[in-house]
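Shown next: upload-v3.txt, given as compact mmCIF, C-alpha atoms.
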# COMPACT_ATOMS: atom_id res chain seq x y z
CA ASP O 1 267.40 150.07 81.42
CA GLY O 2 270.86 148.58 81.17
CA GLY O 3 271.82 145.97 83.66
CA ILE O 4 272.96 142.48 84.43
CA THR O 5 270.47 139.67 84.97
CA GLN O 6 271.04 136.42 86.79
CA SER O 7 268.60 133.57 86.72
CA PRO O 8 267.17 131.74 88.44
CA LYS O 9 267.17 133.49 91.82
CA TYR O 10 266.92 130.19 93.70
CA LEU O 11 268.06 126.81 92.44
CA PHE O 12 267.93 123.37 94.00
CA ARG O 13 270.07 120.53 92.76
CA LYS O 14 270.42 116.91 93.67
CA GLU O 15 273.85 115.58 94.40
CA GLY O 16 275.56 114.28 91.28
CA GLN O 17 273.75 116.62 88.90
CA ASN O 18 275.23 119.40 86.85
CA VAL O 19 273.43 122.74 86.87
CA THR O 20 273.89 125.91 84.82
CA LEU O 21 273.46 129.43 86.15
CA SER O 22 272.61 132.15 83.67
CA CYS O 23 274.18 135.61 83.50
CA GLU O 24 273.22 138.15 80.82
CA GLN O 25 274.23 141.80 80.51
CA ASN O 26 273.13 144.56 78.14
CA LEU O 27 275.73 147.10 79.25
CA ASN O 28 278.11 146.36 76.36
CA HIS O 29 280.75 145.46 78.94
CA ASP O 30 283.78 143.53 77.75
CA ALA O 31 284.61 141.71 80.96
CA MET O 32 282.45 139.35 82.99
CA TYR O 33 283.10 137.55 86.27
CA TRP O 34 281.69 134.82 88.48
CA TYR O 35 282.11 134.98 92.25
CA ARG O 36 281.05 132.60 94.99
CA GLN O 37 279.97 133.88 98.40
CA ASP O 38 279.55 131.65 101.45
CA PRO O 39 277.60 132.81 104.53
CA GLY O 40 279.28 135.64 106.35
CA GLN O 41 282.25 135.61 104.00
CA GLY O 42 283.68 137.66 101.21
CA LEU O 43 283.65 136.96 97.49
CA ARG O 44 285.91 134.39 95.88
CA LEU O 45 286.57 134.49 92.15
CA ILE O 46 285.62 131.40 90.16
CA TYR O 47 286.17 132.40 86.51
CA TYR O 48 286.42 135.58 84.49
CA SER O 49 286.38 136.54 80.85
CA GLN O 50 287.77 139.65 79.21
CA ILE O 51 286.70 138.88 75.65
CA VAL O 52 284.43 136.55 73.73
CA ASN O 53 285.70 132.96 73.39
CA ASP O 54 288.29 133.47 76.11
CA PHE O 55 288.17 133.01 79.87
CA GLN O 56 290.53 132.53 82.78
CA LYS O 57 290.40 130.51 85.99
CA GLY O 58 290.05 132.35 89.24
CA ASP O 59 291.01 131.19 92.70
CA ILE O 60 288.41 128.40 93.05
CA ALA O 61 287.72 127.11 89.51
CA GLU O 62 287.74 123.39 90.35
CA GLY O 63 284.33 121.79 89.76
CA TYR O 64 283.07 124.71 87.64
CA SER O 65 283.02 125.46 83.93
CA VAL O 66 282.08 128.49 81.85
CA SER O 67 281.65 129.59 78.26
CA ARG O 68 281.70 132.99 76.57
CA GLU O 69 280.19 132.54 73.12
CA LYS O 70 278.52 135.96 73.13
CA LYS O 71 279.59 139.24 74.65
CA GLU O 72 276.31 139.49 76.54
CA SER O 73 276.32 136.04 78.12
CA PHE O 74 278.59 134.22 80.57
CA PRO O 75 276.88 131.06 81.94
CA LEU O 76 278.39 129.10 84.80
CA THR O 77 278.01 125.33 85.10
CA VAL O 78 278.39 123.80 88.54
CA THR O 79 279.44 120.23 87.90
CA SER O 80 279.11 117.14 90.07
CA ALA O 81 282.84 117.45 90.70
CA GLN O 82 282.24 120.50 92.91
CA LYS O 83 282.22 118.98 96.38
CA ASN O 84 280.49 121.78 98.25
CA PRO O 85 278.35 123.69 95.75
CA THR O 86 275.77 125.18 98.13
CA ALA O 87 276.47 128.92 98.03
CA PHE O 88 275.38 132.30 96.72
CA TYR O 89 276.72 132.94 93.21
CA LEU O 90 277.26 136.43 91.90
CA CYS O 91 277.93 137.50 88.33
CA ALA O 92 279.48 140.86 87.51
CA SER O 93 280.58 142.82 84.48
CA SER O 94 282.81 145.78 83.78
CA ILE O 95 284.29 147.83 80.98
CA TRP O 96 287.89 147.13 80.15
CA ASP O 97 289.29 149.91 82.33
CA SER O 98 290.33 149.28 85.89
CA ASN O 99 289.26 152.77 86.92
CA TYR O 100 285.62 151.81 86.78
CA GLY O 101 283.72 149.60 89.17
CA TYR O 102 281.86 146.39 88.57
CA THR O 103 278.13 146.03 88.02
CA PHE O 104 276.70 143.03 89.82
CA GLY O 105 273.66 140.90 89.22
CA SER O 106 271.27 140.08 92.04
CA GLY O 107 272.70 136.60 92.54
CA THR O 108 271.61 132.97 92.41
CA ARG O 109 271.32 130.95 95.60
CA LEU O 110 272.16 127.32 94.87
CA THR O 111 271.23 124.61 97.34
CA VAL O 112 272.21 120.97 96.97
CA VAL O 113 269.51 118.66 98.34
CA SER R 114 293.33 134.63 97.94
CA GLN R 115 291.93 137.42 100.12
CA GLN R 116 293.72 140.70 99.62
CA GLY R 117 291.62 142.90 101.85
CA GLU R 118 290.60 142.53 105.45
CA GLU R 119 287.87 144.74 106.82
CA ASP R 120 287.67 145.84 110.42
CA PRO R 121 285.48 145.60 112.37
CA GLN R 122 283.67 142.47 111.19
CA ALA R 123 280.42 143.88 112.58
CA LEU R 124 279.30 147.32 113.72
CA SER R 125 276.06 148.45 115.36
CA ILE R 126 275.14 152.13 115.72
CA GLN R 127 272.14 154.39 116.16
CA GLU R 128 270.66 156.48 113.37
CA GLY R 129 272.43 159.80 113.07
CA GLU R 130 275.78 158.47 114.26
CA ASN R 131 278.80 158.11 112.01
CA ALA R 132 280.08 154.69 110.93
CA THR R 133 283.72 154.02 110.16
CA MET R 134 285.00 150.86 108.50
CA ASN R 135 288.61 150.05 107.75
CA CYS R 136 290.27 147.94 105.09
CA SER R 137 293.84 146.69 105.03
CA TYR R 138 295.49 145.10 102.03
CA LYS R 139 298.75 143.38 101.26
CA THR R 140 300.16 144.37 97.88
CA SER R 141 300.47 147.57 95.86
CA ILE R 142 297.33 148.69 94.12
CA ASN R 143 296.10 150.83 91.23
CA ASN R 144 292.88 151.67 93.03
CA LEU R 145 290.63 150.58 95.87
CA GLN R 146 286.87 150.37 95.66
CA TRP R 147 284.06 150.11 98.20
CA TYR R 148 280.84 148.18 97.63
CA ARG R 149 277.62 147.73 99.59
CA GLN R 150 275.58 144.52 99.75
CA ASN R 151 272.09 144.36 101.14
CA SER R 152 271.13 140.98 102.56
CA GLY R 153 270.67 138.38 99.83
CA ARG R 154 271.37 140.83 97.03
CA GLY R 155 274.18 141.71 94.67
CA LEU R 156 276.87 144.26 95.40
CA VAL R 157 276.55 147.92 94.52
CA HIS R 158 279.59 150.03 93.67
CA LEU R 159 279.91 153.02 96.01
CA ILE R 160 283.20 154.77 95.37
CA LEU R 161 286.64 154.27 93.83
CA ILE R 162 289.84 155.91 95.03
CA ARG R 163 293.01 155.81 92.96
CA SER R 164 296.42 155.09 94.44
CA ASN R 165 297.53 158.71 93.95
CA GLU R 166 294.50 160.07 95.82
CA ARG R 167 294.28 160.43 99.59
CA GLU R 168 290.66 161.31 100.14
CA LYS R 169 287.43 161.23 98.19
CA HIS R 170 283.86 162.24 98.96
CA SER R 171 280.52 161.16 97.58
CA GLY R 172 277.42 162.44 99.36
CA ARG R 173 277.58 161.12 102.94
CA LEU R 174 280.54 158.88 102.10
CA ARG R 175 284.14 159.79 102.76
CA VAL R 176 286.96 157.45 101.77
CA THR R 177 290.60 157.81 102.69
CA LEU R 178 293.58 155.89 101.39
CA ASP R 179 297.00 155.54 102.98
CA THR R 180 299.23 153.61 100.60
CA SER R 181 302.17 153.68 103.01
CA LYS R 182 300.10 151.76 105.55
CA LYS R 183 298.20 149.81 102.88
CA SER R 184 294.90 150.79 104.41
CA SER R 185 291.67 152.58 103.59
CA SER R 186 288.70 153.76 105.61
CA LEU R 187 285.08 154.35 104.69
CA LEU R 188 283.14 156.87 106.76
CA ILE R 189 279.37 157.10 106.49
CA THR R 190 278.13 160.27 108.14
CA ALA R 191 274.69 160.77 109.69
CA SER R 192 273.79 157.13 109.18
CA ARG R 193 270.27 155.98 108.40
CA ALA R 194 268.50 152.67 108.92
CA ALA R 195 268.69 152.19 105.14
CA ASP R 196 272.49 152.08 105.41
CA THR R 197 272.18 148.69 107.10
CA ALA R 198 274.17 146.36 104.86
CA SER R 199 277.54 144.66 104.45
CA TYR R 200 280.36 146.78 103.10
CA PHE R 201 283.28 145.36 101.16
CA CYS R 202 286.53 146.82 99.97
CA ALA R 203 288.06 145.55 96.73
CA THR R 204 291.53 146.14 95.36
CA ASP R 205 292.79 146.41 91.83
CA VAL R 206 296.30 145.05 92.22
CA ILE R 207 299.22 146.36 90.21
CA TYR R 208 300.39 143.84 87.56
CA ASN R 209 297.17 141.89 88.11
CA THR R 210 294.62 144.38 86.90
CA ASP R 211 292.22 142.07 85.14
CA LYS R 212 290.23 141.30 88.27
CA LEU R 213 289.30 142.76 91.66
CA ILE R 214 290.07 141.03 94.92
CA PHE R 215 287.44 141.47 97.60
CA GLY R 216 287.82 141.64 101.35
CA THR R 217 285.76 139.83 103.94
CA GLY R 218 283.33 142.67 104.66
CA THR R 219 281.92 144.66 107.56
CA ARG R 220 278.31 144.08 108.58
CA LEU R 221 276.75 147.40 109.56
CA GLN R 222 273.50 147.55 111.53
CA VAL R 223 271.90 150.97 111.98
CA PHE R 224 269.11 151.07 114.57
CA PRO R 225 266.28 153.61 114.19

Take the structure in the file and give it back as C-alpha cells.
Amino acid sequence: DGGITQSPKYLFRKEGQNVTLSCEQNLNHDAMYWYRQDPGQGLRLIYYSQIVNDFQKGDIAEGYSVSREKKESFPLTVTSAQKNPTAFYLCASSIWDSNYGYTFGSGTRLTVV
Amino acid sequence: SQQGEEDPQALSIQEGENATMNCSYKTSINNLQWYRQNSGRGLVHLILIRSNEREKHSGRLRVTLDTSKKSSSLLITASRAADTASYFCATDVIYNTDKLIFGTGTRLQVFP
C-alpha cells in the first residue's frame, strides 16, 4: 500500500542535542512538507520541498534543517538552536497540483528532557 | 502566519445530530480544503472545494464556500461517535500556491 511513514513515533532528546526525524513516502509525490503542531493549536509550516535537492523555508524554519537527496525522503533535523522543540511533528506529501490534497504521516512526538 | 480561523474552537453534540464548523480566511484563494485529525494522529484529507464552486458533498459531509465573505462551512450530518476528532480548514492561496496554510481547528466531541 502506498503511504507516508514517519519514524520514530516517540522521541526523547536531551537539551543541546540534535535529533533527526525520518519521513519516507512511496506515493511518487513531488512535494513534501514538515509541519509543527503544539497542543491545541493548528499546524505551522517549517520547511517544504517541491523537487529533489531543493527546499524552501516555511514560517518557523529557525532551529531546523532539512535535506531532499531522494524523492522519497525528506528528513528533518531539530538542532540545539531550536529553543522550544517539544512538539508534534507532521510530515506530508502531495503531487504538484494544488487541486489535490496532502497525504500526512502519523507524526512524531518529540519531547526534550 | 495563520490564514484560517475556525469557529467554534470546540463543539459537543449527541450522536445523530448535525455538526457545523466554520472557517474564515484573509486572502484570495484557489481552493479550500478540510482535514480531520484524530487525537495524536496525522491529518486525513476530507474534501476540497475550488474557488469557483459554492457547495460540495461527500457522503455525510457538505462544504460551502462564500468567497465574497471569505468563509467556508463544513456540515457533518447524522454524526457518529467515530466523528470525534479535530477538523481543520486549509487554504491554497492565490500567488502562493506551493503550500497550504492551516487554520487553528475545531475540536468536535460526539457523545453516544

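One distance worth recording is that between CA of Leu110 in chain O and CA of Gly155 in chain R, which is 14.5 Å.
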
Report task. Please provide the set of residues having any atom within 9 Å of range 214-217 of chain R, restricted to only C-alpha atoms, with same-chain residues fewer than 2 positions apart removed, written as number ranges by chain. Result -> O: 40-45; R: 114-119, 122, 136-138, 200-206, 212, 219

Protein and nucleic acid residues near (272.3, 164.0, 107.6) (cut-off 9 Å, all atoms listed in the file) as a PDB file with C-alpha atoms, in the frame of the given file:
ATOM      1  CA  GLY R 129     272.430 159.800 113.070  1.00  0.00           C
ATOM      2  CA  ARG R 173     277.580 161.120 102.940  1.00  0.00           C
ATOM      3  CA  THR R 190     278.130 160.270 108.140  1.00  0.00           C
ATOM      4  CA  ALA R 191     274.690 160.770 109.690  1.00  0.00           C
ATOM      5  CA  SER R 192     273.790 157.130 109.180  1.00  0.00           C
ATOM      6  CA  ARG R 193     270.270 155.980 108.400  1.00  0.00           C
TER       7      ARG R 193
END

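Between Ile160 in chain R and the candidates O:Thr111, O:Ser106, O:Asn53, O:Asn99, the tightest atom-to-atom separation, counting all atoms listed in the file, involves O:Asn99.
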
Report task. Could you check how far CA of Thr180 in chain R sits from CA of Gln146 in chain R, in Å to one decimal? Result -> 13.7 Å

Query - Nearest residue to chain O from the set R:Leu213, R:Leu156, R:Ala194, R:Leu174 (distances using all atoms listed in the file) - result: R:Leu156

Query raised in the report: How many Å separate CA of Ser65 in chain O from CA of Tyr47 in chain O?
Result: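 Separation of CA of Ser65 in chain O and CA of Tyr47 in chain O: 8.0 Å.
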
**Report entry** Surrounding residues of Glu15 in chain O excluding itself and chain neighbours under 4 positions, 9 Å, all atoms listed in the file, as an NGL selection string
**Finding:** :O and (80 or 112-113)

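Of the listed residues (O:Asn28, O:Ser94, O:Thr86, O:Thr108), O:Ser94 comes nearest to His158 in chain R; the distances count all atoms listed in the file.
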
Report as a short mmCIF file (atom, residue, chain, number, x, y, z; two decimals) with C-alpha atoms, in the frame of the given file all protein, DNA and RNA residues lying within 8 Å of Ser49 in chain O, evaluated on all atoms listed in the file, omitting residues in the same chain fewer than 3 positions from it.
data_model
loop_
_atom_site.label_atom_id
_atom_site.label_comp_id
_atom_site.auth_asym_id
_atom_site.auth_seq_id
_atom_site.Cartn_x
_atom_site.Cartn_y
_atom_site.Cartn_z
CA ALA O 31 284.61 141.71 80.96
CA MET O 32 282.45 139.35 82.99
CA TYR O 33 283.10 137.55 86.27
CA VAL O 52 284.43 136.55 73.73
CA ASP O 54 288.29 133.47 76.11
CA PHE O 55 288.17 133.01 79.87
CA GLN O 56 290.53 132.53 82.78
CA ARG O 68 281.70 132.99 76.57
#

Requested in this report: Compile the contact shell of Glu166 in chain R as a count of residues only: residues with an atom at most 12 Å away, counting all atoms listed in the file, same-chain residues fewer than 5 positions apart removed.
Outcome: 11

Requested in this report: Show which residues sit within 10 Å of range 152-154 of chain R, as a ChimeraX atom specification. Count only C-alpha atoms, and ignore same-chain residues fewer than 2 positions away.
Outcome: /O:9,88,90,104-109 /R:149-150,156-157,197-199,220

List every protein, DNA or RNA residue that has at least one atom no more than 6 Å from (276.8, 124.0, 85.2) in the file's coordinates, counting all atoms listed in the file, and write the result as a tab-separated table (two decimals) with C-alpha atoms, keeping the file's coordinate frame.
chain	number	residue	atom	x	y	z
O	18	ASN	CA	275.23	119.40	86.85
O	19	VAL	CA	273.43	122.74	86.87
O	20	THR	CA	273.89	125.91	84.82
O	76	LEU	CA	278.39	129.10	84.80
O	77	THR	CA	278.01	125.33	85.10
O	78	VAL	CA	278.39	123.80	88.54
O	79	THR	CA	279.44	120.23	87.90

Is it possible to get the axis-aligned box enclosing range 73-89 of chain O (all listed atoms, 5 Å extra per side) as AutoDock Vina command-line options, with centre and edge lengths in Å rounded to one decimal?
--center_x 279.1 --center_y 126.6 --center_z 88.2 --size_x 17.5 --size_y 28.9 --size_z 30.1
